[in-house]
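Printed here is entry25.cif (mmCIF, C-alpha atoms):
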```cif
data_query
#
loop_
_atom_site.label_atom_id
_atom_site.label_comp_id
_atom_site.auth_asym_id
_atom_site.auth_seq_id
_atom_site.Cartn_x
_atom_site.Cartn_y
_atom_site.Cartn_z
CA MET A 1232 95.06 81.70 119.41
CA THR A 1233 97.72 79.72 121.31
CA MET A 1234 100.45 82.37 120.91
CA ASN A 1235 100.58 86.11 121.46
CA ILE A 1236 100.10 88.56 118.60
CA THR A 1237 103.80 89.38 118.27
CA GLU A 1238 104.75 85.71 117.97
CA TYR A 1239 101.89 85.03 115.56
CA MET A 1240 102.80 87.92 113.25
CA GLU A 1241 106.48 86.94 113.40
CA GLN A 1242 105.49 83.48 112.18
CA VAL A 1243 103.29 84.94 109.42
CA GLY A 1244 106.17 87.18 108.32
CA GLN A 1245 108.66 84.33 108.22
CA GLN A 1246 106.26 82.17 106.20
CA ALA A 1247 105.60 85.00 103.76
CA ARG A 1248 109.31 85.67 103.23
CA ALA A 1249 109.96 81.98 102.53
CA ALA A 1250 106.99 81.81 100.16
CA SER A 1251 108.11 84.94 98.31
CA ARG A 1252 111.24 83.17 97.10
CA ALA A 1253 109.16 80.33 95.64
CA MET A 1254 106.75 82.81 94.02
CA ALA A 1255 109.57 84.73 92.37
CA LYS A 1256 110.86 81.49 90.82
CA ALA A 1257 107.45 80.20 89.64
CA ASP A 1258 106.78 80.48 85.93
CA SER A 1259 103.90 82.43 84.46
CA ALA A 1260 101.87 79.34 83.54
CA THR A 1261 101.94 78.10 87.12
CA ARG A 1262 100.86 81.44 88.56
CA ASN A 1263 98.08 81.72 85.98
CA ARG A 1264 96.96 78.19 86.84
CA ALA A 1265 96.54 79.23 90.47
CA LEU A 1266 94.43 82.23 89.47
CA THR A 1267 92.21 80.11 87.23
CA LEU A 1268 91.64 77.61 90.03
CA ILE A 1269 90.76 80.40 92.49
CA ALA A 1270 88.23 81.87 90.05
CA ALA A 1271 86.62 78.45 89.57
CA ALA A 1272 86.46 77.90 93.34
CA ILE A 1273 84.70 81.25 93.85
CA VAL A 1274 82.08 80.35 91.25
CA ARG A 1275 81.61 76.92 92.85
CA ASP A 1276 81.29 78.25 96.40
CA ALA A 1277 79.40 81.48 95.70
CA ASP A 1278 76.55 80.42 98.00
CA LEU A 1279 78.97 79.81 100.87
CA LEU A 1280 80.50 83.24 100.31
CA ARG A 1281 77.06 84.89 100.36
CA GLU A 1282 76.27 83.15 103.65
CA ALA A 1283 79.57 84.29 105.20
CA ASN A 1284 78.83 87.80 103.99
CA ARG A 1285 75.36 87.69 105.56
CA LEU A 1286 76.98 86.92 108.93
CA ASP A 1287 79.32 89.88 108.52
CA LEU A 1288 76.52 92.23 107.47
CA ALA A 1289 74.29 91.21 110.37
CA ALA A 1290 77.08 91.89 112.85
CA ALA A 1291 77.96 95.17 111.14
CA ARG A 1292 74.37 96.44 111.28
CA ALA A 1293 74.12 95.44 114.94
CA ASN A 1294 77.28 97.45 115.61
CA GLY A 1295 75.91 100.52 113.79
CA LEU A 1296 78.36 100.50 110.89
CA ALA A 1297 77.98 103.58 108.67
CA PRO A 1298 76.04 103.18 105.39
CA ALA A 1299 79.16 103.81 103.28
CA MET A 1300 80.97 101.01 105.10
CA LEU A 1301 77.98 98.67 104.77
CA ASP A 1302 78.03 99.35 101.04
CA ARG A 1303 81.69 98.38 100.84
CA LEU A 1304 81.10 95.30 102.97
CA THR A 1305 78.25 93.91 100.84
CA LEU A 1306 79.29 91.01 98.61
CA SER A 1307 76.54 91.19 96.00
CA ASP A 1308 76.13 88.84 93.05
CA GLY A 1309 77.68 91.59 90.92
CA ALA A 1310 80.64 91.90 93.28
CA ILE A 1311 81.26 88.15 93.13
CA ALA A 1312 81.06 88.20 89.34
CA THR A 1313 83.47 91.14 89.23
CA MET A 1314 85.98 89.28 91.44
CA VAL A 1315 85.89 86.31 89.09
CA GLU A 1316 86.16 88.49 85.99
CA GLY A 1317 89.02 90.41 87.61
CA LEU A 1318 90.98 87.19 88.14
CA ARG A 1319 90.36 86.14 84.55
CA GLN A 1320 91.53 89.51 83.28
CA ILE A 1321 94.68 89.23 85.39
CA VAL A 1322 95.38 85.82 83.81
CA ALA A 1323 95.07 87.41 80.37
CA LEU A 1324 97.50 90.22 81.17
CA ALA A 1325 101.11 89.98 80.04
CA ASP A 1326 103.43 88.74 82.77
CA PRO A 1327 105.76 91.60 83.71
CA ILE A 1328 108.24 89.46 85.66
CA GLY A 1329 111.58 88.93 83.95
CA GLU A 1330 110.89 91.49 81.24
CA ILE A 1331 114.14 93.21 80.18
CA SER A 1332 113.98 96.70 78.72
CA GLY A 1333 116.26 99.53 77.67
CA MET A 1334 119.22 97.39 76.67
CA LYS A 1335 122.12 99.55 75.46
CA PHE A 1336 125.72 98.90 74.49
CA ARG A 1337 128.21 100.98 76.45
CA PRO A 1338 131.60 102.10 75.05
CA SER A 1339 133.25 99.48 77.26
CA GLY A 1340 131.43 96.73 75.35
CA ILE A 1341 128.99 95.74 78.10
CA GLN A 1342 125.22 95.78 77.57
CA VAL A 1343 123.14 97.44 80.30
CA GLY A 1344 119.36 97.16 80.76
CA GLN A 1345 116.69 96.77 83.42
CA MET A 1346 114.73 93.69 84.48
CA ARG A 1347 111.30 93.84 86.14
CA VAL A 1348 111.19 91.82 89.37
CA PRO A 1349 108.69 91.24 92.23
CA LEU A 1350 108.77 93.53 95.26
CA GLY A 1351 108.82 90.48 97.56
CA VAL A 1352 106.30 90.54 100.43
CA ILE A 1353 103.39 92.98 100.33
CA GLY A 1354 101.27 93.68 103.38
CA ILE A 1355 97.75 94.93 102.64
CA ILE A 1356 95.52 96.46 105.32
CA TYR A 1357 91.92 97.19 104.42
CA GLU A 1358 88.49 97.78 105.93
CA ALA A 1359 85.11 96.29 105.07
CA ARG A 1360 86.01 95.24 101.51
CA PRO A 1361 85.99 91.46 101.05
CA ASN A 1362 86.60 91.89 97.30
CA VAL A 1363 90.04 93.30 98.14
CA THR A 1364 91.03 89.88 99.47
CA VAL A 1365 90.69 88.40 95.99
CA ASP A 1366 91.88 91.43 94.01
CA ALA A 1367 95.02 91.73 96.12
CA ALA A 1368 95.73 88.01 96.14
CA GLY A 1369 95.31 87.82 92.37
CA LEU A 1370 97.62 90.71 91.59
CA CYS A 1371 100.27 89.55 94.04
CA ILE A 1372 100.24 86.00 92.70
CA LYS A 1373 100.49 87.17 89.08
CA SER A 1374 103.35 89.55 89.92
CA GLY A 1375 105.31 86.85 91.77
CA ASN A 1376 104.89 88.35 95.23
CA ALA A 1377 103.79 86.89 98.55
CA THR A 1378 101.21 88.85 100.48
CA ILE A 1379 99.88 89.24 104.01
CA LEU A 1380 96.27 90.42 104.07
CA ARG A 1381 94.81 92.05 107.14
CA GLY A 1382 91.13 92.71 106.49
CA GLY A 1383 88.80 94.55 108.84
CA SER A 1384 87.11 92.72 111.69
CA GLU A 1385 83.72 93.52 110.12
CA ALA A 1386 84.53 91.19 107.16
CA ILE A 1387 86.21 88.37 109.09
CA HIS A 1388 83.78 85.57 108.06
CA CYS A 1389 83.95 86.45 104.38
CA ASN A 1390 87.71 86.93 104.39
CA ARG A 1391 88.26 83.56 106.02
CA ALA A 1392 86.04 81.89 103.42
CA LEU A 1393 87.88 83.61 100.57
CA ALA A 1394 91.29 82.80 102.09
CA LYS A 1395 90.39 79.12 102.05
CA LEU A 1396 89.60 79.28 98.33
CA VAL A 1397 92.82 81.18 97.56
CA LYS A 1398 94.90 78.57 99.41
CA GLU A 1399 93.08 75.82 97.52
CA GLY A 1400 94.03 77.43 94.21
CA LEU A 1401 97.67 77.91 95.22
CA ALA A 1402 98.01 74.32 96.38
CA GLY A 1403 96.32 73.04 93.22
CA ALA A 1404 98.95 74.84 91.12
CA GLY A 1405 101.83 73.53 93.24
CA LEU A 1406 102.59 76.91 94.84
CA PRO A 1407 103.09 77.47 98.57
CA GLU A 1408 99.82 78.10 100.41
CA ASN A 1409 101.58 80.70 102.53
CA ALA A 1410 102.09 82.89 99.48
CA VAL A 1411 98.76 84.46 100.50
CA GLN A 1412 98.01 84.67 104.21
CA VAL A 1413 94.94 86.31 105.72
CA VAL A 1414 95.69 87.44 109.27
CA ASP A 1415 93.33 85.31 111.35
CA THR A 1416 92.76 87.69 114.24
CA THR A 1417 90.73 90.85 114.68
CA ASP A 1418 93.15 92.21 117.29
CA ARG A 1419 94.32 95.68 116.21
CA ALA A 1420 97.77 94.87 117.57
CA ALA A 1421 98.28 92.73 114.46
CA VAL A 1422 98.30 95.90 112.36
CA GLY A 1423 100.96 97.45 114.56
CA ALA A 1424 103.12 94.36 114.17
CA LEU A 1425 102.63 94.11 110.40
CA ILE A 1426 103.69 97.69 109.69
CA THR A 1427 106.85 97.39 111.78
CA MET A 1428 108.36 94.21 110.27
CA PRO A 1429 110.72 95.50 107.54
CA GLN A 1430 112.74 92.31 107.88
CA TYR A 1431 109.77 90.39 106.42
CA VAL A 1432 107.57 92.95 104.64
CA ASP A 1433 108.78 95.09 101.72
CA VAL A 1434 105.82 97.41 101.29
CA ILE A 1435 102.46 98.14 102.94
CA VAL A 1436 99.33 99.05 100.98
CA PRO A 1437 96.58 100.48 103.21
CA ARG A 1438 93.02 100.68 101.90
CA GLY A 1439 90.77 102.33 104.44
CA GLY A 1440 89.60 105.51 106.06
CA LYS A 1441 91.66 108.53 107.02
CA GLY A 1442 91.98 107.30 110.61
CA LEU A 1443 93.64 104.04 109.57
CA ILE A 1444 95.99 105.66 107.09
CA ALA A 1445 96.93 108.49 109.46
CA ARG A 1446 97.83 105.88 112.07
CA LEU A 1447 99.98 103.99 109.59
CA MET A 1448 101.73 107.16 108.44
CA ALA A 1449 102.66 107.86 112.07
CA GLU A 1450 103.72 104.35 113.08
CA ALA A 1451 104.91 102.38 110.04
CA THR A 1452 108.56 101.53 109.53
CA VAL A 1453 107.75 99.71 106.26
CA PRO A 1454 107.36 101.86 103.09
CA MET A 1455 103.77 102.46 101.98
CA ILE A 1456 101.78 102.89 98.76
CA LYS A 1457 98.77 104.92 99.87
CA HIS A 1458 96.26 107.69 99.49
CA LEU A 1459 94.81 109.48 102.48
CA ASP A 1460 91.43 110.46 101.05
CA GLY A 1461 89.56 111.12 97.81
CA ILE A 1462 88.43 114.71 97.47
CA CYS A 1463 87.60 114.54 93.77
CA HIS A 1464 86.41 117.42 91.59
CA VAL A 1465 84.41 117.79 88.38
CA TYR A 1466 84.74 121.13 86.59
CA ILE A 1467 82.04 122.01 84.05
CA ASP A 1468 83.64 124.45 81.63
CA ALA A 1469 81.87 127.30 79.83
CA LYS A 1470 82.18 125.32 76.59
CA ALA A 1471 80.80 122.06 77.97
CA ASP A 1472 78.19 120.01 76.17
CA LEU A 1473 75.18 120.31 78.48
CA ALA A 1474 74.02 116.70 78.06
CA LYS A 1475 77.51 115.37 78.84
CA ALA A 1476 77.83 117.71 81.83
CA LEU A 1477 74.55 116.55 83.37
CA ALA A 1478 75.33 112.86 82.87
CA ILE A 1479 78.90 113.08 84.17
CA ALA A 1480 78.16 115.27 87.20
CA PHE A 1481 75.25 113.04 88.22
CA ASN A 1482 77.15 109.78 87.75
CA ALA A 1483 80.32 111.02 89.45
CA LYS A 1484 78.33 111.75 92.61
CA CYS A 1485 75.40 109.35 92.64
CA GLN A 1486 76.60 106.12 91.02
CA ARG A 1487 78.07 105.17 94.40
CA TYR A 1488 78.67 107.37 97.42
CA GLY A 1489 81.14 105.41 99.53
CA THR A 1490 84.15 105.25 97.19
CA CYS A 1491 87.33 107.28 97.00
CA ASN A 1492 86.71 108.22 93.35
CA THR A 1493 83.28 109.74 93.98
CA MET A 1494 83.00 113.48 93.21
CA GLU A 1495 82.87 115.57 96.40
CA THR A 1496 83.07 119.07 94.84
CA LEU A 1497 81.40 120.37 91.70
CA LEU A 1498 82.88 123.47 90.05
CA VAL A 1499 80.83 125.24 87.37
CA ALA A 1500 81.94 128.06 85.07
CA ARG A 1501 79.92 131.23 85.63
CA ALA A 1502 78.88 131.47 81.96
CA ILE A 1503 77.10 128.09 82.01
CA ALA A 1504 76.03 127.91 85.69
CA PRO A 1505 72.47 129.33 85.17
CA GLN A 1506 71.83 126.61 82.59
CA VAL A 1507 73.44 123.62 84.26
CA LEU A 1508 72.88 124.01 88.01
CA PRO A 1509 69.04 124.03 88.06
CA LYS A 1510 68.95 120.97 85.77
CA LEU A 1511 71.50 119.14 87.92
CA ALA A 1512 69.48 120.03 91.02
CA GLU A 1513 66.49 118.22 89.49
CA LEU A 1514 68.61 115.10 89.04
CA TYR A 1515 70.12 115.29 92.52
CA LEU A 1516 66.68 115.76 94.08
CA ALA A 1517 65.72 112.23 93.07
CA LYS A 1518 68.64 110.99 95.19
CA GLN A 1519 68.04 113.56 97.98
CA VAL A 1520 71.58 114.86 97.66
CA GLU A 1521 72.34 117.75 100.01
CA LEU A 1522 74.03 120.62 98.17
CA ARG A 1523 76.44 122.82 100.12
CA ALA A 1524 76.84 125.85 97.91
CA ASP A 1525 78.92 129.00 97.75
CA PRO A 1526 76.87 132.26 97.67
CA GLU A 1527 76.64 132.42 93.88
CA ALA A 1528 75.60 128.79 93.48
CA HIS A 1529 73.25 129.17 96.47
CA ALA A 1530 71.37 131.97 94.67
CA LEU A 1531 70.99 129.90 91.50
CA LEU A 1532 69.72 126.90 93.50
CA ALA A 1533 67.14 128.85 95.55
CA GLY A 1534 64.14 126.63 96.24
CA TYR A 1535 66.10 123.38 96.24
CA PRO A 1536 64.94 121.55 99.40
CA HIS A 1537 68.31 120.16 100.50
CA LEU A 1538 70.41 123.32 100.24
CA ALA A 1539 72.95 124.68 102.72
CA ALA A 1540 75.67 127.30 102.69
CA ALA A 1541 79.15 125.86 102.15
CA GLY A 1542 81.68 126.53 104.88
CA GLU A 1543 85.45 126.56 104.48
CA ALA A 1544 85.70 122.99 105.81
CA ASP A 1545 83.36 121.66 103.11
CA TRP A 1546 85.90 122.21 100.34
CA SER A 1547 88.32 119.79 102.02
CA THR A 1548 85.81 117.17 103.23
CA GLU A 1549 85.43 113.67 101.81
CA TYR A 1550 81.73 113.10 102.54
CA LEU A 1551 81.30 109.50 101.30
CA ALA A 1552 77.59 110.34 101.50
CA ALA A 1553 74.78 112.07 99.60
CA ILE A 1554 76.35 115.49 100.14
CA LEU A 1555 78.02 117.62 97.48
CA SER A 1556 79.93 120.91 97.64
CA VAL A 1557 79.12 123.26 94.75
CA LYS A 1558 80.98 126.38 93.65
CA VAL A 1559 80.62 128.78 90.73
CA VAL A 1560 84.00 129.85 89.32
CA ALA A 1561 84.97 132.50 86.77
CA GLY A 1562 86.56 129.92 84.48
CA ILE A 1563 89.30 127.35 84.13
CA ASP A 1564 91.95 129.41 85.95
CA GLU A 1565 89.86 129.68 89.11
CA ALA A 1566 88.85 126.02 88.82
CA ILE A 1567 92.47 124.87 88.65
CA ASP A 1568 93.40 127.17 91.54
CA HIS A 1569 90.58 125.73 93.68
CA ILE A 1570 91.61 122.16 92.85
CA ASP A 1571 95.23 122.94 93.66
CA ALA A 1572 94.18 124.32 97.06
CA TYR A 1573 91.74 121.61 98.15
CA SER A 1574 92.25 118.42 96.14
CA SER A 1575 93.67 115.27 97.70
CA LYS A 1576 95.41 114.64 94.34
CA HIS A 1577 93.27 111.59 93.60
CA THR A 1578 91.02 112.23 90.56
CA GLU A 1579 89.70 115.34 88.79
CA ALA A 1580 87.62 115.74 85.61
CA ILE A 1581 86.80 118.54 83.19
CA VAL A 1582 83.71 118.60 80.98
CA THR A 1583 84.42 120.70 77.90
CA GLU A 1584 84.35 120.76 74.11
CA ASP A 1585 87.31 123.17 74.06
CA TYR A 1586 90.45 121.20 73.14
CA SER A 1587 92.81 123.87 74.51
CA ALA A 1588 90.99 123.97 77.86
CA ALA A 1589 91.05 120.18 78.05
CA MET A 1590 94.78 120.02 77.41
CA ARG A 1591 95.48 122.79 79.93
CA PHE A 1592 93.50 120.86 82.54
CA LEU A 1593 95.42 117.64 81.80
CA ARG A 1594 98.80 119.40 82.02
CA GLU A 1595 98.20 121.68 84.99
CA VAL A 1596 96.08 119.61 87.38
CA ASP A 1597 98.50 117.63 89.54
CA SER A 1598 96.44 114.56 90.46
CA ALA A 1599 96.96 110.83 89.98
CA SER A 1600 94.10 110.62 87.46
CA VAL A 1601 92.94 113.56 85.32
CA MET A 1602 90.00 113.09 82.95
CA VAL A 1603 88.29 114.85 80.06
CA ASN A 1604 84.56 114.28 79.54
CA ALA A 1605 84.34 111.22 81.78
CA SER A 1606 83.08 110.44 85.27
CA THR A 1607 85.60 110.28 88.11
CA ARG A 1608 84.09 106.87 88.96
CA PHE A 1609 86.25 105.39 86.18
CA ALA A 1610 89.39 105.91 88.32
CA ASP A 1611 89.65 102.23 89.12
CA GLY A 1612 92.04 99.43 88.27
CA PHE A 1613 89.35 97.21 86.74
CA GLU A 1614 88.09 100.06 84.53
CA TYR A 1615 91.66 100.98 83.52
CA GLY A 1616 92.26 97.46 82.22
CA LEU A 1617 94.58 96.43 85.05
CA GLY A 1618 92.39 93.41 85.86
CA ALA A 1619 92.01 94.71 89.41
CA GLU A 1620 93.89 97.06 91.67
CA ILE A 1621 95.78 96.64 94.89
CA GLY A 1622 94.92 100.20 95.82
CA ILE A 1623 95.11 103.75 94.53
CA SER A 1624 98.10 105.95 95.24
CA ASN A 1625 98.19 109.73 95.18
CA ASP A 1626 101.87 109.68 96.09
CA LYS A 1627 104.38 110.32 93.31
CA LEU A 1628 106.77 107.52 94.36
CA HIS A 1629 106.84 104.58 93.67
CA ALA A 1630 103.44 104.15 92.01
CA ARG A 1631 100.67 106.64 91.20
CA GLY A 1632 96.96 106.14 90.52
CA PRO A 1633 95.41 102.64 90.45
CA VAL A 1634 98.17 100.17 91.31
CA GLY A 1635 98.19 97.06 89.14
CA LEU A 1636 100.87 94.56 88.19
CA ASP A 1637 103.63 97.04 87.29
CA GLY A 1638 103.10 98.87 90.58
CA LEU A 1639 103.87 95.63 92.43
CA THR A 1640 107.23 95.25 90.76
CA SER A 1641 110.58 96.97 90.82
CA LEU A 1642 113.43 97.28 88.36
CA LYS A 1643 116.97 96.08 88.78
CA TYR A 1644 119.87 96.70 86.43
CA VAL A 1645 121.20 93.74 84.49
CA VAL A 1646 124.53 93.71 82.69
CA PHE A 1647 125.68 91.37 79.91
CA GLY A 1648 129.40 91.21 79.30
CA HIS A 1649 131.78 89.37 77.04
CA GLY A 1650 134.76 89.18 79.35
CA GLU A 1651 135.20 92.98 79.71
CA VAL A 1652 137.16 94.33 82.66
CA ARG A 1653 137.28 97.93 83.79
CA THR A 1654 140.50 99.83 83.20
#
```
Let me see the file written as structure tokens.
Amino acid sequence: MTMNITEYMEQVGQQARAASRAMAKADSATRNRALTLIAAAIVRDADLLREANRLDLAAARANGLAPAMLDRLTLSDGAIATMVEGLRQIVALADPIGEISGMKFRPSGIQVGQMRVPLGVIGIIYEARPNVTVDAAGLCIKSGNATILRGGSEAIHCNRALAKLVKEGLAGAGLPENAVQVVDTTDRAAVGALITMPQYVDVIVPRGGKGLIARLMAEATVPMIKHLDGICHVYIDAKADLAKALAIAFNAKCQRYGTCNTMETLLVARAIAPQVLPKLAELYLAKQVELRADPEAHALLAGYPHLAAAGEADWSTEYLAAILSVKVVAGIDEAIDHIDAYSSKHTEAIVTEDYSAAMRFLREVDSASVMVNASTRFADGFEYGLGAEIGISNDKLHARGPVGLDGLTSLKYVVFGHGEVRT
């Protein structure tokens, strides 16, 4: 680079702010055209993307990157197909920009309502996830925002290749290429600059480990949409269907270990524990999952080869690995109390055939996603029909849960008058 990081990020910020004005004015057809062109370019250049990803993976393995991070870094054929499908789903979604709602006549004669508008410039910081480059770009383009993407150094080759395709799509639709900028340096100082530029950046969305997000919480002067970690629970109720319980508890843990919506703690009602825990242990054994159990669960799992006693720290640990905390509880009251004490407010699920228990769980569990008879792995923007997600928030303001198009917009009041003046 021919300039220092501060100067470079200042330039990126200025370009993003200028581009945001053009994006806010662009019509829906133009923004959709850009997304369609990006999807086509990804299909066309899939081999080039795989090669860039191979370079990133080779470097990551040489640097001893953890298995969970390697999993996130891998751009498989399925991941490429999902990126393309995500863009196509975003195209099919209704355009929220300019939508006016809640129009009311006031006694004065004026009409008052709210219009949905872009946030402006969104900075996104993420680690080891090249698919985020496309998901984030797609959602920001559709919602009329400009975005600055700062991916992890471990995905630099892939992110550069994807950035080129995104710019190609923007230019082909007649939109400013700087509407999506991938920070082209691995220097960590770029993150510090990005999160302290409120004059250019309206909101930051971090997607990474606890270390990254803790740093941002301490240093950022730009508002954030974030979640710190994903300590997700599945509670198997006394009135659960055994087949559903086995399938859900296995999938929630073993479908993929390195994601924020993976189950980290299993809670089982005492009445059903002798039936369900030994059968689940058989399933987990095939995946060599280590079970860290409370004394009651430990007794029921005696003989399981990967068994350890749970310590206090286990209940508040996001493992992102083949490790699961297990606890036997008296019933739904103790389950909800445990979740309230240890959850990160991300995603929790109950398995039950008792309608009253299900509704209690939905009402009383204070997490961004609460599920009945479904795996926590469904807590995802693509699965929720958002096309993709820019991240998941366990905050209560301004967005909560998977953040799609509406989460990247704000509301402003609009007033229609007929010459009224205030007396």
Notebook entry, point to check: Excluding same-chain residues fewer than 3 positions from region 1545-1547 of chain A, what lies within 7 Å of it counting only C-alpha atoms, as a PyMOL selection string?
Noted result: chain A and resi 1462+1496+1541-1542+1556+1573
How would the residues just picked look written out with C-alpha atoms as a JSON list (two decimals), in the coordinates of the input?
```
[["chain", "number", "residue", "atom", "x", "y", "z"],
["A", 1462, "ILE", "CA", 88.43, 114.71, 97.47],
["A", 1496, "THR", "CA", 83.07, 119.07, 94.84],
["A", 1541, "ALA", "CA", 79.15, 125.86, 102.15],
["A", 1542, "GLY", "CA", 81.68, 126.53, 104.88],
["A", 1556, "SER", "CA", 79.93, 120.91, 97.64],
["A", 1573, "TYR", "CA", 91.74, 121.61, 98.15]]
```
Margin query: Give me the residues near Ile1321 (chain A) as a PyMOL selection string, where near means some atom within 8 Å (using only C-alpha atoms) and where sequence neighbours in that chain fewer than 6 positions away do not count.
Written below: chain A and resi 1369-1370+1373+1617-1619
Check: A:Ile1581, A:Ile1479, A:Ala1605, A:Met1494: which is nearest Leu1511 (chain A), counting all atoms listed in the file?
Finding: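 That would be A:Ile1479, the residue with the smallest distance to Leu1511 (chain A).
Across A:Val1348, A:Ser1598, A:Ala1424, A:Ala1249, the tightest approach to Asn1409 (chain A) is made by A:Ala1249 when counting only C-alpha atoms.
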Next item on the list: Run the PyMOL selection byres ((chain A and resi 1501-1504) around 9) mentally over the shown coordinates, then write out the matched residues as a count of residues only, using the chain letters and numbers from the document.
Entry: 20
Item checked: Residue nearest Val1414 (chain A) among A:Glu1543, A:Asp1366, A:Glu1241, A:Glu1316 (counting all atoms listed in the file) ->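 With all atoms listed in the file as the atom set, the closest residue is A:Glu1241.
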Next item on the list: Compare A:Ala1386, A:Gly1340, A:Arg1281, A:Val1601 by their minimum atom-to-atom distance to Gly1309 (chain A), counting all atoms listed in the file, and give me the closest one.
Entry: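 Checking each candidate against Gly1309 (chain A), we get A:Arg1281 as the closest.
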Going by the chain IDs and residue numbers used in this file, which residues fall under the PyMOL selection byres ((chain A and resi 1378) around 8)? Write them as a PDB file with C-alpha atoms, keeping the file's coordinate frame.
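Output contents, as saved in result06.pdb:
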```
ATOM      1  CA  ALA A1247     105.600  85.000 103.760  1.00  0.00           C
ATOM      2  CA  VAL A1352     106.300  90.540 100.430  1.00  0.00           C
ATOM      3  CA  ILE A1353     103.390  92.980 100.330  1.00  0.00           C
ATOM      4  CA  GLY A1354     101.270  93.680 103.380  1.00  0.00           C
ATOM      5  CA  ILE A1355      97.750  94.930 102.640  1.00  0.00           C
ATOM      6  CA  ALA A1368      95.730  88.010  96.140  1.00  0.00           C
ATOM      7  CA  CYS A1371     100.270  89.550  94.040  1.00  0.00           C
ATOM      8  CA  ASN A1376     104.890  88.350  95.230  1.00  0.00           C
ATOM      9  CA  ALA A1377     103.790  86.890  98.550  1.00  0.00           C
ATOM     10  CA  ILE A1379      99.880  89.240 104.010  1.00  0.00           C
ATOM     11  CA  LEU A1380      96.270  90.420 104.070  1.00  0.00           C
ATOM     12  CA  ALA A1410     102.090  82.890  99.480  1.00  0.00           C
ATOM     13  CA  VAL A1411      98.760  84.460 100.500  1.00  0.00           C
ATOM     14  CA  GLN A1412      98.010  84.670 104.210  1.00  0.00           C
TER      15      GLN A1412
END
```
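Here CA of Ala1533 (chain A) is placed at a distance of 21.4 Å from CA of Cys1485 (chain A).
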Would you list the contacts of Met1346 (chain A) as a PDB file with C-alpha atoms, in the frame of the given file, taking every protein, DNA or RNA residue within 7 Å and counting all atoms listed in the file, but skipping same-chain residues closer than 3 positions in sequence?
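Resulting contents of around07.pdb:
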```pdb
ATOM      1  CA  GLY A1329     111.580  88.930  83.950  1.00  0.00           C
ATOM      2  CA  GLU A1330     110.890  91.490  81.240  1.00  0.00           C
ATOM      3  CA  ILE A1331     114.140  93.210  80.180  1.00  0.00           C
ATOM      4  CA  SER A1332     113.980  96.700  78.720  1.00  0.00           C
ATOM      5  CA  LEU A1642     113.430  97.280  88.360  1.00  0.00           C
ATOM      6  CA  LYS A1643     116.970  96.080  88.780  1.00  0.00           C
ATOM      7  CA  TYR A1644     119.870  96.700  86.430  1.00  0.00           C
ATOM      8  CA  VAL A1645     121.200  93.740  84.490  1.00  0.00           C
TER       9      VAL A1645
END
```
Notebook entry, point to check: In terms of the shortest atom-to-atom distance over all atoms listed in the file, which of A:Val1557, A:Val1434, A:Ile1341, A:Val1243 is closest to Arg1653 (chain A)?
Noted result: A:Ile1341
Next item on the list: Run the PyMOL selection byres ((chain A and resi 1513-1524) around 6) mentally over the shown coordinates, then write out the matched residues as number ranges by chain, using the chain letters and numbers from the document.
Entry: A: 1510-1512, 1525, 1528-1529, 1537-1541, 1553-1558
Item checked: Nearest residue to Val1365 (chain A) from the set A:Cys1389, A:Val1343, A:Ile1567, A:Ala1260 (distances using only C-alpha atoms) ->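 That would be A:Cys1389, the residue with the smallest distance to Val1365 (chain A).
Taking CA of Arg1446 (chain A) and CA of Gly1622 (chain A) as the two end points, the separation is 17.5 Å.
Omitting Ala1289 (chain A) and its sequence neighbours fewer than 2 positions away, and counting all atoms listed in the file, the residues within 12 Å are Glu1282, Ala1283, Asn1284, Arg1285, Leu1286, Asp1287, Ala1291, Arg1292, Ala1293, Asn1294, Gly1295, Leu1296, Leu1301, Leu1304, Thr1305, Glu1385, Ala1386 and His1388 of chain A.
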Checklist line | Distance in Å - CA of Gln1246 (chain A) versus CA of Val1413 (chain A) | finding: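 Computing the Euclidean distance for CA of Gln1246 (chain A) and CA of Val1413 (chain A) yields 12.1 Å.
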Next item on the list: Considering only C-alpha atoms, return as a list in words whatever protein or nucleic-acid residues lie within 9 Å of Lys1457 (chain A), sequence-local ones (same chain, fewer than 4 positions apart) excluded.
Entry: Ile1435, Val1436, Pro1437, Arg1438, Ile1444, Gly1622, Ile1623, Ser1624, Asn1625 and Asp1626 of chain A
Around the point (87.2, 122.5, 71.5), in the coordinates given by the file, pick out the residues reaching within 12 Å, counting only C-alpha atoms, and return them as a short mmCIF file (atom, residue, chain, number, x, y, z; two decimals) with C-alpha atoms, in the coordinates of the input.
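Printed below is out-v3.cif as written:
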```cif
data_model
loop_
_atom_site.label_atom_id
_atom_site.label_comp_id
_atom_site.auth_asym_id
_atom_site.auth_seq_id
_atom_site.Cartn_x
_atom_site.Cartn_y
_atom_site.Cartn_z
CA ASP A 1468 83.64 124.45 81.63
CA ALA A 1469 81.87 127.30 79.83
CA LYS A 1470 82.18 125.32 76.59
CA ALA A 1471 80.80 122.06 77.97
CA ASP A 1472 78.19 120.01 76.17
CA VAL A 1582 83.71 118.60 80.98
CA THR A 1583 84.42 120.70 77.90
CA GLU A 1584 84.35 120.76 74.11
CA ASP A 1585 87.31 123.17 74.06
CA TYR A 1586 90.45 121.20 73.14
CA SER A 1587 92.81 123.87 74.51
CA ALA A 1588 90.99 123.97 77.86
CA ALA A 1589 91.05 120.18 78.05
CA MET A 1590 94.78 120.02 77.41
CA ARG A 1591 95.48 122.79 79.93
CA VAL A 1603 88.29 114.85 80.06
CA ASN A 1604 84.56 114.28 79.54
#
```
